[in-house]
Amino acid sequence: MPKRTITLADVGLILAVGGLFGMTFVLIKVALASITPFTIAFLRLSLAALPLLLVLRRRGLRLPPLGPIWGSFSVMGLGNRALAYVLINWSSQHLEAGLVGILIATTPLFTLVLSYLFSPAERLGPAGVPAVLLGLAGVVWAGGRRDH
């Protein structure tokens with residue numbers, strides 16, 4: 001695959017996604033005042049499913065018929081998203097939103113370690129490790145700030 005030059009638009013998109021992702025934890029904290037962690041997880045998943053279904057329809061694709069594949073979908077969905085969202089929401093009841101964001105931001109670090117151990121083809125190049133550490137430092141700085 002040919003290397004692609006990173007453009008200013010790419011950087012803008014990364015910053016936008018980061019801002020939206022980080023804002024999620026503050027909104028969860030606010031929502032927890034009146035909504036249960038399970039309900040918030042259900043709403044997040046439902047709101048994400050709608051655009052995905054629209055993209056499928058636009059591309060002329062359909063979900064597979066009910067059958068064994070749906071068991072796999074269910075296990076992946078529950079383990080990869082639903083349970084994670086419920087646990088994030090539950091922990092947000094007991095921790096500050098900034099700390100939750102910092103803890104979630106450690107995911108790339110764990111991915112680095114696991115990919116190094118289990119998937120040599122997926123390892124980051126020499127610039128990857130410093131990039132992930134710099135990103136984590138930025139999250140810690142932003143999430144850990146206390147403006148008094």
# chains A, B, ... in the order shown; residues from 1 in each chain; ligands from 1
>>> residues_around(residues="Lys29 (chain A)", least_positions_apart="3", cutoff="7 Å", atoms="only C-alpha atoms", output="VMD selection string")
chain A and resid 25 to 26 32 92 to 93 97
>>> write_last_selection(atoms="N, CA, C and O atoms", output="PDB file, in the first residue's frame")
ATOM      1  N   PHE A  25     -17.561  11.623  27.747  1.00  0.00           N
ATOM      2  CA  PHE A  25     -17.483  11.295  29.166  1.00  0.00           C
ATOM      3  C   PHE A  25     -18.150  12.358  30.032  1.00  0.00           C
ATOM      4  O   PHE A  25     -18.751  12.045  31.050  1.00  0.00           O
ATOM      5  N   VAL A  26     -18.048  13.606  29.615  1.00  0.00           N
ATOM      6  CA  VAL A  26     -18.734  14.672  30.338  1.00  0.00           C
ATOM      7  C   VAL A  26     -20.244  14.512  30.184  1.00  0.00           C
ATOM      8  O   VAL A  26     -21.003  14.631  31.152  1.00  0.00           O
ATOM      9  N   LEU A  32     -26.034  10.601  33.776  1.00  0.00           N
ATOM     10  CA  LEU A  32     -26.171   9.664  34.896  1.00  0.00           C
ATOM     11  C   LEU A  32     -26.980  10.240  36.056  1.00  0.00           C
ATOM     12  O   LEU A  32     -27.429   9.490  36.919  1.00  0.00           O
ATOM     13  N   SER A  92     -18.340   5.785  35.569  1.00  0.00           N
ATOM     14  CA  SER A  92     -18.496   7.237  35.557  1.00  0.00           C
ATOM     15  C   SER A  92     -19.333   7.742  36.723  1.00  0.00           C
ATOM     16  O   SER A  92     -19.278   8.926  37.063  1.00  0.00           O
ATOM     17  N   GLN A  93     -20.091   6.854  37.342  1.00  0.00           N
ATOM     18  CA  GLN A  93     -20.849   7.240  38.535  1.00  0.00           C
ATOM     19  C   GLN A  93     -19.918   7.469  39.724  1.00  0.00           C
ATOM     20  O   GLN A  93     -20.259   8.186  40.649  1.00  0.00           O
ATOM     21  N   ALA A  97     -15.101  12.584  35.249  1.00  0.00           N
ATOM     22  CA  ALA A  97     -15.134  12.375  33.797  1.00  0.00           C
ATOM     23  C   ALA A  97     -13.730  12.424  33.195  1.00  0.00           C
ATOM     24  O   ALA A  97     -13.403  11.642  32.301  1.00  0.00           O
TER      25      ALA A  97
END
>>> residues_around(residues="region 16-24 of chain A", least_positions_apart="4", cutoff="10 Å", atoms="only C-alpha atoms", output="PDB file with N, CA, C and O atoms, in the first residue's frame")
ATOM      1  N   ASP A  10      -6.721  16.007   7.406  1.00  0.00           N
ATOM      2  CA  ASP A  10      -6.586  14.799   8.235  1.00  0.00           C
ATOM      3  C   ASP A  10      -6.401  15.176   9.702  1.00  0.00           C
ATOM      4  O   ASP A  10      -7.031  14.594  10.585  1.00  0.00           O
ATOM      5  N   VAL A  11      -5.552  16.130   9.955  1.00  0.00           N
ATOM      6  CA  VAL A  11      -5.314  16.584  11.325  1.00  0.00           C
ATOM      7  C   VAL A  11      -6.603  17.163  11.918  1.00  0.00           C
ATOM      8  O   VAL A  11      -6.949  16.880  13.072  1.00  0.00           O
ATOM      9  N   GLY A  12      -7.324  17.947  11.127  1.00  0.00           N
ATOM     10  CA  GLY A  12      -8.592  18.508  11.587  1.00  0.00           C
ATOM     11  C   GLY A  12      -9.596  17.424  11.945  1.00  0.00           C
ATOM     12  O   GLY A  12     -10.292  17.520  12.958  1.00  0.00           O
ATOM     13  N   ILE A  28     -21.881  11.753  29.568  1.00  0.00           N
ATOM     14  CA  ILE A  28     -22.297  10.573  30.339  1.00  0.00           C
ATOM     15  C   ILE A  28     -22.486  10.965  31.798  1.00  0.00           C
ATOM     16  O   ILE A  28     -23.477  10.590  32.425  1.00  0.00           O
ATOM     17  N   LYS A  29     -21.549  11.722  32.324  1.00  0.00           N
ATOM     18  CA  LYS A  29     -21.632  12.151  33.726  1.00  0.00           C
ATOM     19  C   LYS A  29     -22.921  12.943  33.973  1.00  0.00           C
ATOM     20  O   LYS A  29     -23.602  12.738  34.974  1.00  0.00           O
ATOM     21  N   VAL A  30     -23.259  13.818  33.061  1.00  0.00           N
ATOM     22  CA  VAL A  30     -24.481  14.613  33.185  1.00  0.00           C
ATOM     23  C   VAL A  30     -25.710  13.710  33.083  1.00  0.00           C
ATOM     24  O   VAL A  30     -26.655  13.812  33.877  1.00  0.00           O
ATOM     25  N   ALA A  97     -15.101  12.584  35.249  1.00  0.00           N
ATOM     26  CA  ALA A  97     -15.134  12.375  33.797  1.00  0.00           C
ATOM     27  C   ALA A  97     -13.730  12.424  33.195  1.00  0.00           C
ATOM     28  O   ALA A  97     -13.403  11.642  32.301  1.00  0.00           O
ATOM     29  N   GLY A  98     -12.880  13.322  33.685  1.00  0.00           N
ATOM     30  CA  GLY A  98     -11.512  13.423  33.167  1.00  0.00           C
ATOM     31  C   GLY A  98     -10.720  12.153  33.397  1.00  0.00           C
ATOM     32  O   GLY A  98      -9.989  11.682  32.522  1.00  0.00           O
ATOM     33  N   VAL A 100     -11.973   9.110  33.801  1.00  0.00           N
ATOM     34  CA  VAL A 100     -12.530   8.066  32.931  1.00  0.00           C
ATOM     35  C   VAL A 100     -11.939   8.219  31.528  1.00  0.00           C
ATOM     36  O   VAL A 100     -11.517   7.236  30.907  1.00  0.00           O
ATOM     37  N   GLY A 101     -11.876   9.438  31.027  1.00  0.00           N
ATOM     38  CA  GLY A 101     -11.292   9.679  29.709  1.00  0.00           C
ATOM     39  C   GLY A 101      -9.833   9.253  29.637  1.00  0.00           C
ATOM     40  O   GLY A 101      -9.396   8.660  28.648  1.00  0.00           O
ATOM     41  N   ILE A 102      -9.078   9.542  30.692  1.00  0.00           N
ATOM     42  CA  ILE A 102      -7.669   9.142  30.737  1.00  0.00           C
ATOM     43  C   ILE A 102      -7.557   7.621  30.723  1.00  0.00           C
ATOM     44  O   ILE A 102      -6.737   7.049  29.993  1.00  0.00           O
ATOM     45  N   ILE A 104      -9.673   5.425  29.548  1.00  0.00           N
ATOM     46  CA  ILE A 104     -10.059   4.920  28.226  1.00  0.00           C
ATOM     47  C   ILE A 104      -8.937   5.199  27.217  1.00  0.00           C
ATOM     48  O   ILE A 104      -8.698   4.409  26.306  1.00  0.00           O
ATOM     49  N   ALA A 105      -8.236   6.305  27.390  1.00  0.00           N
ATOM     50  CA  ALA A 105      -7.163   6.659  26.462  1.00  0.00           C
ATOM     51  C   ALA A 105      -5.964   5.723  26.570  1.00  0.00           C
ATOM     52  O   ALA A 105      -5.095   5.742  25.705  1.00  0.00           O
ATOM     53  N   VAL A 139      -3.938  13.620  26.490  1.00  0.00           N
ATOM     54  CA  VAL A 139      -5.191  13.295  27.174  1.00  0.00           C
ATOM     55  C   VAL A 139      -5.042  13.494  28.674  1.00  0.00           C
ATOM     56  O   VAL A 139      -5.929  14.044  29.340  1.00  0.00           O
ATOM     57  N   ALA A 142      -5.072  17.251  29.301  1.00  0.00           N
ATOM     58  CA  ALA A 142      -6.397  17.854  29.142  1.00  0.00           C
ATOM     59  C   ALA A 142      -7.398  17.322  30.160  1.00  0.00           C
ATOM     60  O   ALA A 142      -8.166  18.074  30.754  1.00  0.00           O
ATOM     61  N   GLY A 143      -7.377  16.017  30.377  1.00  0.00           N
ATOM     62  CA  GLY A 143      -8.340  15.410  31.306  1.00  0.00           C
ATOM     63  C   GLY A 143      -7.995  15.643  32.753  1.00  0.00           C
ATOM     64  O   GLY A 143      -8.879  15.624  33.617  1.00  0.00           O
TER      65      GLY A 143
END
>>> select_by_dssp(residues="chain A", states="alpha helix (DSSP H)", output="NGL selection string")
:A and (8-31 or 37-58 or 68-77 or 83-92 or 97-105 or 107-118 or 128-144)
>>> residues_around(residues="region 41-48 of chain A", least_positions_apart="2", cutoff="9 Å", atoms="only C-alpha atoms", output="list of chain:residue names")
A:Thr36, A:Pro37, A:Phe38, A:Thr39, A:Leu50, A:Pro51, A:Leu52, A:Arg81, A:Ala82, A:Leu83, A:Ala84, A:Tyr85, A:Val86, A:Ile88, A:Asn89
